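Visitor: For reference, the file input-v6.txt (compact mmCIF, C-alpha atoms) is included below:
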```txt
# COMPACT_ATOMS: atom_id res chain seq x y z
CA MET H 1 93.52 94.40 96.93
CA SER H 2 93.50 97.92 98.32
CA ILE H 3 92.40 101.40 97.43
CA SER H 4 94.71 103.08 94.94
CA SER H 5 97.72 104.77 96.51
CA ARG H 6 96.92 107.88 94.43
CA PHE H 7 94.91 109.17 97.40
CA ALA H 8 97.84 108.98 99.84
CA VAL H 9 100.21 110.34 97.20
CA GLY H 10 97.81 113.21 96.44
CA ILE H 11 97.73 114.15 100.13
CA HIS H 12 101.54 113.84 100.26
CA ILE H 13 101.97 116.13 97.23
CA LEU H 14 99.68 118.85 98.58
CA ALA H 15 101.19 118.77 102.07
CA LEU H 16 104.70 118.95 100.62
CA ILE H 17 103.79 121.87 98.35
CA ASP H 18 102.55 123.76 101.40
CA LEU H 19 105.42 122.88 103.70
CA ASN H 20 107.99 123.61 100.98
CA LYS H 21 106.48 126.88 99.72
CA GLU H 22 109.80 128.73 100.05
CA THR H 23 111.22 126.59 97.22
CA ALA H 24 109.70 125.38 93.96
CA SER H 25 108.49 121.82 94.40
CA SER H 26 109.35 120.20 91.08
CA SER H 27 107.92 116.81 90.18
CA GLU H 28 111.42 115.37 90.65
CA PHE H 29 111.67 116.85 94.16
CA ILE H 30 108.21 115.56 95.09
CA ALA H 31 108.99 112.16 93.55
CA GLY H 32 112.04 111.94 95.80
CA SER H 33 109.89 112.57 98.87
CA VAL H 34 107.24 110.07 97.78
CA ASN H 35 109.92 107.64 96.57
CA THR H 36 108.36 107.11 93.17
CA ASN H 37 108.87 108.12 89.55
CA ALA H 38 108.39 111.78 88.59
CA ALA H 39 106.00 110.71 85.81
CA VAL H 40 103.65 109.28 88.46
CA ILE H 41 103.81 112.59 90.33
CA ARG H 42 103.09 114.57 87.16
CA LYS H 43 100.05 112.38 86.43
CA ILE H 44 98.61 112.89 89.91
CA MET H 45 99.45 116.60 89.84
CA GLY H 46 97.50 116.79 86.58
CA MET H 47 94.49 115.31 88.37
CA LEU H 48 94.89 117.76 91.25
CA LYS H 49 95.13 120.64 88.77
CA LYS H 50 92.03 119.47 86.89
CA ALA H 51 90.16 119.43 90.22
CA GLY H 52 91.27 123.01 90.85
CA LEU H 53 93.40 122.18 93.89
CA ILE H 54 96.76 123.36 92.47
CA GLU H 55 98.12 125.72 89.85
CA VAL H 56 101.03 124.62 87.68
CA GLN H 57 102.79 126.35 84.81
CA PRO H 58 103.88 124.13 81.92
CA GLY H 59 107.66 123.99 81.74
CA VAL H 60 108.07 125.80 85.06
CA ALA H 61 109.04 123.83 88.15
CA GLY H 62 106.72 124.10 91.09
CA ALA H 63 103.07 124.29 91.96
CA LYS H 64 100.95 126.21 94.41
CA LEU H 65 97.73 125.51 96.21
CA THR H 66 94.68 127.35 94.90
CA ARG H 67 92.91 127.42 98.27
CA GLU H 68 93.76 127.73 101.92
CA LEU H 69 94.66 124.47 103.68
CA SER H 70 91.48 124.70 105.73
CA GLU H 71 89.41 124.82 102.54
CA ILE H 72 90.76 121.59 101.01
CA THR H 73 89.13 118.51 102.48
CA LEU H 74 90.48 115.01 102.21
CA PHE H 75 87.28 114.25 100.31
CA ASP H 76 88.28 116.87 97.70
CA ILE H 77 91.57 115.04 97.22
CA TYR H 78 89.90 111.61 97.25
CA LYS H 79 87.56 112.70 94.46
CA ALA H 80 90.30 114.51 92.52
CA VAL H 81 92.50 111.45 92.12
CA ASN H 82 89.67 109.12 91.12
CA VAL H 83 90.24 106.57 93.85
CA VAL H 84 86.89 104.91 93.19
CA GLU H 85 83.69 105.56 91.34
CA GLU H 86 80.66 106.61 93.35
CA ASN H 87 79.37 103.72 95.48
CA GLU H 88 81.95 101.35 94.03
CA LEU H 89 84.62 101.16 96.72
CA PHE H 90 83.79 97.50 97.23
CA SER H 91 83.49 95.17 94.26
CA ILE H 92 80.91 92.43 94.19
CA HIS H 93 81.51 89.45 91.96
CA ASP H 94 79.33 89.66 88.86
CA LYS H 95 77.77 86.30 88.25
CA PRO H 96 77.17 84.16 91.32
CA HIS H 97 75.25 80.99 90.55
CA PRO H 98 71.52 81.84 90.32
CA ASP H 99 70.42 78.42 91.56
CA CYS H 100 72.42 78.68 94.79
CA VAL H 101 70.59 80.11 97.80
CA VAL H 102 73.59 82.31 98.62
CA GLY H 103 74.49 83.06 95.00
CA LYS H 104 71.06 84.43 94.11
CA ASN H 105 70.89 86.66 97.22
CA ILE H 106 74.43 87.72 98.07
CA GLN H 107 74.58 90.83 95.92
CA SER H 108 71.34 92.39 97.18
CA THR H 109 72.31 91.47 100.75
CA ILE H 110 75.78 92.94 100.91
CA GLU H 111 75.51 95.86 98.47
CA PRO H 112 73.67 98.18 100.93
CA ILE H 113 76.23 97.32 103.63
CA PHE H 114 79.10 98.18 101.31
CA MET H 115 77.43 101.44 100.25
CA ALA H 116 76.89 102.44 103.90
CA ALA H 117 80.53 101.69 104.72
CA GLN H 118 81.77 103.78 101.80
CA SER H 119 79.47 106.61 102.76
CA ALA H 120 80.74 106.57 106.36
CA MET H 121 84.35 106.65 105.19
CA GLU H 122 83.65 109.54 102.82
CA LYS H 123 81.96 111.51 105.63
CA VAL H 124 85.19 111.20 107.66
CA PHE H 125 87.15 112.57 104.68
CA GLN H 126 84.69 115.47 104.35
CA ASN H 127 85.40 116.49 107.95
CA LEU H 128 89.20 116.47 107.70
CA THR H 129 91.23 119.09 105.88
CA LEU H 130 94.70 119.40 104.50
CA GLU H 131 95.29 121.81 107.38
CA ASP H 132 94.74 118.91 109.81
CA ILE H 133 97.36 116.86 107.96
CA VAL H 134 99.91 119.66 107.78
CA LYS H 135 99.44 120.62 111.45
CA ASP H 136 100.01 117.00 112.48
CA ILE H 137 103.20 116.81 110.41
CA GLU H 138 104.39 120.13 111.85
CA ALA H 139 103.73 118.92 115.39
CA LYS H 140 105.63 115.68 114.78
CA GLU H 141 108.57 117.60 113.30
CA HIS H 142 108.38 120.50 115.76
CA ILE H 143 107.87 122.98 112.92
CA LYS H 144 106.39 126.43 113.68
```
Could you rewrite the structure in this file as structure tokens?
Guide:
Amino acid sequence: MSISSRFAVGIHILALIDLNKETASSSEFIAGSVNTNAAVIRKIMGMLKKAGLIEVQPGVAGAKLTRELSEITLFDIYKAVNVVEENELFSIHDKPHPDCVVGKNIQSTIEPIFMAAQSAMEKVFQNLTLEDIVKDIEAKEHIK
């Protein structure tokens, strides 16, 4: 199991919209870059729009960012695409055996560890912006 790919795809979409601002980035164009179906892109773009990260016009190809790259954190994107519910990145099995020494204690033992790990990861996302992503891509491609 892994975290939903919606997060990576959301970052991909936003970076592509910025780097391709001279041309309208249709869902078909973005889908080609992501190598997925345009319907998947439209669904994620709907989530990004609902979160106020992009503007789209129904029936008109293309989207634009609503904020500067430096004002969109990876945490904003993470939350926008509903990767996980709050404090639920890690699942704990529901009904361990209550008569087992491990079974009756495992949830209360590991839950705080899992919550701390999720919190640490989210803090990293709060300190990185879409600008960081785009600048790295530009450096790798010798753009600008």
Visitor: Select, from H:Lys49, H:Lys79, H:Lys144, H:His12, the residue with the minimum atom-to-atom distance to Gln126 (chain H), counting all atoms listed in the file.
Guide: H:Lys79
Visitor: Find the distance between CA of Glu68 (chain H) and CA of Gly32 (chain H) and write it in Å to one decimal.
Guide: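 Distance between the two atoms: 24.9 Å.
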Visitor: Which residue out of H:Ser119, H:Glu131, H:Gly62, H:Leu48 has the minimum interatomic distance to Ser25 (chain H) when only C-alpha atoms are used?
Guide: H:Gly62
Visitor: Have a look at H:Leu19, H:Ala117, H:Ile44, H:Val101 and name the one nearest to Leu65 (chain H); count all atoms listed in the file.
Guide: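 Using all atoms listed in the file, Leu65 (chain H) sits closest to H:Leu19.
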Visitor: Grab the CA of Val60 (chain H) to CA of Asn37 (chain H) distance for me, in Å with one decimal place.
Guide: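 CA of Val60 (chain H) sits 18.3 Å away from CA of Asn37 (chain H).
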Visitor: Edge lengths and centre in Å to one decimal, as lines of an AutoDock Vina configuration file, of the axis-aligned box that encloses all listed atoms of region 46-58 of chain H with 4 Å added on every side?
Guide:
```
center_x = 97.0
center_y = 120.8
center_z = 87.9
size_x = 21.7
size_y = 19.0
size_z = 20.0
```
Visitor: Excluding Ile143 (chain H) and any residue of its chain fewer than 3 positions from it, enumerate the residues within 12 Å of it, using only C-alpha atoms, and give them as a ChimeraX atom specification.
Guide: /H:19-20,134-140
Visitor: Pick the closest to Ile77 (chain H) from H:Ala24, H:Val34, H:Val124, H:Leu14: which is it, counting only C-alpha atoms?
Guide: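 Among H:Ala24, H:Val34, H:Val124, H:Leu14, it is H:Leu14 that comes nearest to Ile77 (chain H).
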Visitor: I want to know what sits within 10 Å of region 108-115 of chain H, based on all atoms listed in the file, with residues of the same chain fewer than 5 positions away left out; could you give that as a PyMOL selection string?
Guide: chain H and resi 86-92+102+120-121
Visitor: Would you mind exporting the chosen residues as a PDB file, in the frame of the given file, restricted to C-alpha atoms?
Guide:
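Final output, saved to out.pdb:
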```
ATOM      1  CA  GLU H  86      80.660 106.610  93.350  1.00  0.00           C
ATOM      2  CA  ASN H  87      79.370 103.720  95.480  1.00  0.00           C
ATOM      3  CA  GLU H  88      81.950 101.350  94.030  1.00  0.00           C
ATOM      4  CA  LEU H  89      84.620 101.160  96.720  1.00  0.00           C
ATOM      5  CA  PHE H  90      83.790  97.500  97.230  1.00  0.00           C
ATOM      6  CA  SER H  91      83.490  95.170  94.260  1.00  0.00           C
ATOM      7  CA  ILE H  92      80.910  92.430  94.190  1.00  0.00           C
ATOM      8  CA  VAL H 102      73.590  82.310  98.620  1.00  0.00           C
ATOM      9  CA  ALA H 120      80.740 106.570 106.360  1.00  0.00           C
ATOM     10  CA  MET H 121      84.350 106.650 105.190  1.00  0.00           C
TER      11      MET H 121
END
```
Visitor: Write out as a PyMOL selection string the residues lying within 7 Å of Ala80 (chain H), counting only C-alpha atoms and excluding same-chain residues fewer than 2 positions away.
Guide: chain H and resi 47-48+51+76-78+82
Visitor: Mind giving me the straight-line distance from CA of Glu122 (chain H) to CA of Ser70 (chain H) in Å, one decimal?
Guide: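 Between CA of Glu122 (chain H) and CA of Ser70 (chain H) the gap works out to 17.3 Å.
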Visitor: Mind filling out region 65-76 of chain H with all heavy atoms and sending it as a PDB file, in the frame of the given file?
Guide:
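File result01.pdb, as written:
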```
ATOM      1  N   LEU H  65      99.108 125.825  95.867  1.00  0.00           N
ATOM      2  CA  LEU H  65      97.730 125.510  96.210  1.00  0.00           C
ATOM      3  C   LEU H  65      96.830 126.655  95.772  1.00  0.00           C
ATOM      4  O   LEU H  65      97.216 127.816  95.846  1.00  0.00           O
ATOM      5  CB  LEU H  65      97.591 125.278  97.715  1.00  0.00           C
ATOM      6  CG  LEU H  65      98.462 124.189  98.331  1.00  0.00           C
ATOM      7  CD1 LEU H  65      98.211 124.094  99.831  1.00  0.00           C
ATOM      8  CD2 LEU H  65      98.225 122.845  97.668  1.00  0.00           C
ATOM      9  N   THR H  66      95.621 126.323  95.348  1.00  0.00           N
ATOM     10  CA  THR H  66      94.680 127.350  94.900  1.00  0.00           C
ATOM     11  C   THR H  66      93.754 127.806  96.018  1.00  0.00           C
ATOM     12  O   THR H  66      93.027 128.778  95.849  1.00  0.00           O
ATOM     13  CB  THR H  66      93.816 126.832  93.736  1.00  0.00           C
ATOM     14  OG1 THR H  66      93.096 125.681  94.183  1.00  0.00           O
ATOM     15  CG2 THR H  66      94.667 126.512  92.530  1.00  0.00           C
ATOM     16  N   ARG H  67      93.770 127.080  97.133  1.00  0.00           N
ATOM     17  CA  ARG H  67      92.910 127.420  98.270  1.00  0.00           C
ATOM     18  C   ARG H  67      93.715 127.328  99.551  1.00  0.00           C
ATOM     19  O   ARG H  67      94.783 126.725  99.576  1.00  0.00           O
ATOM     20  CB  ARG H  67      91.734 126.440  98.371  1.00  0.00           C
ATOM     21  CG  ARG H  67      90.808 126.442  97.192  1.00  0.00           C
ATOM     22  CD  ARG H  67      89.600 125.563  97.502  1.00  0.00           C
ATOM     23  NE  ARG H  67      89.520 124.493  96.526  1.00  0.00           N
ATOM     24  CZ  ARG H  67      88.815 123.401  96.685  1.00  0.00           C
ATOM     25  NH1 ARG H  67      88.148 123.183  97.794  1.00  0.00           N
ATOM     26  NH2 ARG H  67      88.788 122.485  95.745  1.00  0.00           N
ATOM     27  N   GLU H  68      93.154 127.870 100.600  1.00  0.00           N
ATOM     28  CA  GLU H  68      93.760 127.730 101.920  1.00  0.00           C
ATOM     29  C   GLU H  68      93.699 126.266 102.339  1.00  0.00           C
ATOM     30  O   GLU H  68      92.794 125.535 101.923  1.00  0.00           O
ATOM     31  CB  GLU H  68      93.009 128.589 102.941  1.00  0.00           C
ATOM     32  CG  GLU H  68      93.090 130.083 102.690  1.00  0.00           C
ATOM     33  CD  GLU H  68      94.506 130.612 102.797  1.00  0.00           C
ATOM     34  OE1 GLU H  68      95.243 130.176 103.710  1.00  0.00           O
ATOM     35  OE2 GLU H  68      94.881 131.450 101.962  1.00  0.00           O
ATOM     36  N   LEU H  69      94.642 125.856 103.180  1.00  0.00           N
ATOM     37  CA  LEU H  69      94.660 124.470 103.680  1.00  0.00           C
ATOM     38  C   LEU H  69      93.338 124.077 104.303  1.00  0.00           C
ATOM     39  O   LEU H  69      92.868 122.946 104.123  1.00  0.00           O
ATOM     40  CB  LEU H  69      95.772 124.304 104.720  1.00  0.00           C
ATOM     41  CG  LEU H  69      97.215 124.431 104.250  1.00  0.00           C
ATOM     42  CD1 LEU H  69      98.143 124.343 105.449  1.00  0.00           C
ATOM     43  CD2 LEU H  69      97.543 123.376 103.222  1.00  0.00           C
ATOM     44  N   SER H  70      92.734 124.990 105.028  1.00  0.00           N
ATOM     45  CA  SER H  70      91.480 124.700 105.730  1.00  0.00           C
ATOM     46  C   SER H  70      90.293 124.543 104.782  1.00  0.00           C
ATOM     47  O   SER H  70      89.234 124.076 105.182  1.00  0.00           O
ATOM     48  CB  SER H  70      91.169 125.803 106.742  1.00  0.00           C
ATOM     49  OG  SER H  70      91.006 127.045 106.068  1.00  0.00           O
ATOM     50  N   GLU H  71      90.481 124.911 103.523  1.00  0.00           N
ATOM     51  CA  GLU H  71      89.410 124.820 102.540  1.00  0.00           C
ATOM     52  C   GLU H  71      89.529 123.598 101.630  1.00  0.00           C
ATOM     53  O   GLU H  71      88.695 123.399 100.749  1.00  0.00           O
ATOM     54  CB  GLU H  71      89.375 126.093 101.689  1.00  0.00           C
ATOM     55  CG  GLU H  71      89.073 127.346 102.486  1.00  0.00           C
ATOM     56  CD  GLU H  71      89.236 128.609 101.667  1.00  0.00           C
ATOM     57  OE1 GLU H  71      89.639 128.540 100.488  1.00  0.00           O
ATOM     58  OE2 GLU H  71      88.969 129.688 102.212  1.00  0.00           O
ATOM     59  N   ILE H  72      90.567 122.801 101.819  1.00  0.00           N
ATOM     60  CA  ILE H  72      90.760 121.590 101.010  1.00  0.00           C
ATOM     61  C   ILE H  72      90.516 120.387 101.917  1.00  0.00           C
ATOM     62  O   ILE H  72      91.284 120.132 102.848  1.00  0.00           O
ATOM     63  CB  ILE H  72      92.179 121.519 100.417  1.00  0.00           C
ATOM     64  CG1 ILE H  72      92.439 122.726  99.516  1.00  0.00           C
ATOM     65  CG2 ILE H  72      92.362 120.204  99.639  1.00  0.00           C
ATOM     66  CD1 ILE H  72      93.881 122.830  99.012  1.00  0.00           C
ATOM     67  N   THR H  73      89.428 119.684 101.665  1.00  0.00           N
ATOM     68  CA  THR H  73      89.130 118.510 102.480  1.00  0.00           C
ATOM     69  C   THR H  73      89.809 117.273 101.890  1.00  0.00           C
ATOM     70  O   THR H  73      90.154 117.244 100.698  1.00  0.00           O
ATOM     71  CB  THR H  73      87.614 118.233 102.571  1.00  0.00           C
ATOM     72  OG1 THR H  73      87.132 117.853 101.266  1.00  0.00           O
ATOM     73  CG2 THR H  73      86.850 119.446 103.084  1.00  0.00           C
ATOM     74  N   LEU H  74      89.952 116.276 102.726  1.00  0.00           N
ATOM     75  CA  LEU H  74      90.480 115.010 102.210  1.00  0.00           C
ATOM     76  C   LEU H  74      89.530 114.426 101.174  1.00  0.00           C
ATOM     77  O   LEU H  74      89.962 113.757 100.235  1.00  0.00           O
ATOM     78  CB  LEU H  74      90.717 114.012 103.348  1.00  0.00           C
ATOM     79  CG  LEU H  74      91.791 114.398 104.359  1.00  0.00           C
ATOM     80  CD1 LEU H  74      92.087 113.228 105.293  1.00  0.00           C
ATOM     81  CD2 LEU H  74      93.062 114.878 103.704  1.00  0.00           C
ATOM     82  N   PHE H  75      88.243 114.717 101.307  1.00  0.00           N
ATOM     83  CA  PHE H  75      87.280 114.250 100.310  1.00  0.00           C
ATOM     84  C   PHE H  75      87.545 114.898  98.952  1.00  0.00           C
ATOM     85  O   PHE H  75      87.423 114.242  97.915  1.00  0.00           O
ATOM     86  CB  PHE H  75      85.851 114.538 100.783  1.00  0.00           C
ATOM     87  CG  PHE H  75      84.797 113.937  99.902  1.00  0.00           C
ATOM     88  CD1 PHE H  75      84.579 112.570  99.880  1.00  0.00           C
ATOM     89  CD2 PHE H  75      84.015 114.740  99.085  1.00  0.00           C
ATOM     90  CE1 PHE H  75      83.609 112.013  99.063  1.00  0.00           C
ATOM     91  CE2 PHE H  75      83.041 114.199  98.268  1.00  0.00           C
ATOM     92  CZ  PHE H  75      82.833 112.823  98.254  1.00  0.00           C
ATOM     93  N   ASP H  76      87.929 116.185  98.958  1.00  0.00           N
ATOM     94  CA  ASP H  76      88.280 116.870  97.700  1.00  0.00           C
ATOM     95  C   ASP H  76      89.413 116.122  96.996  1.00  0.00           C
ATOM     96  O   ASP H  76      89.384 115.923  95.777  1.00  0.00           O
ATOM     97  CB  ASP H  76      88.721 118.306  97.952  1.00  0.00           C
ATOM     98  CG  ASP H  76      87.623 119.207  98.491  1.00  0.00           C
ATOM     99  OD1 ASP H  76      86.440 118.983  98.184  1.00  0.00           O
ATOM    100  OD2 ASP H  76      87.966 120.154  99.230  1.00  0.00           O
TER     101      ASP H  76
END
```
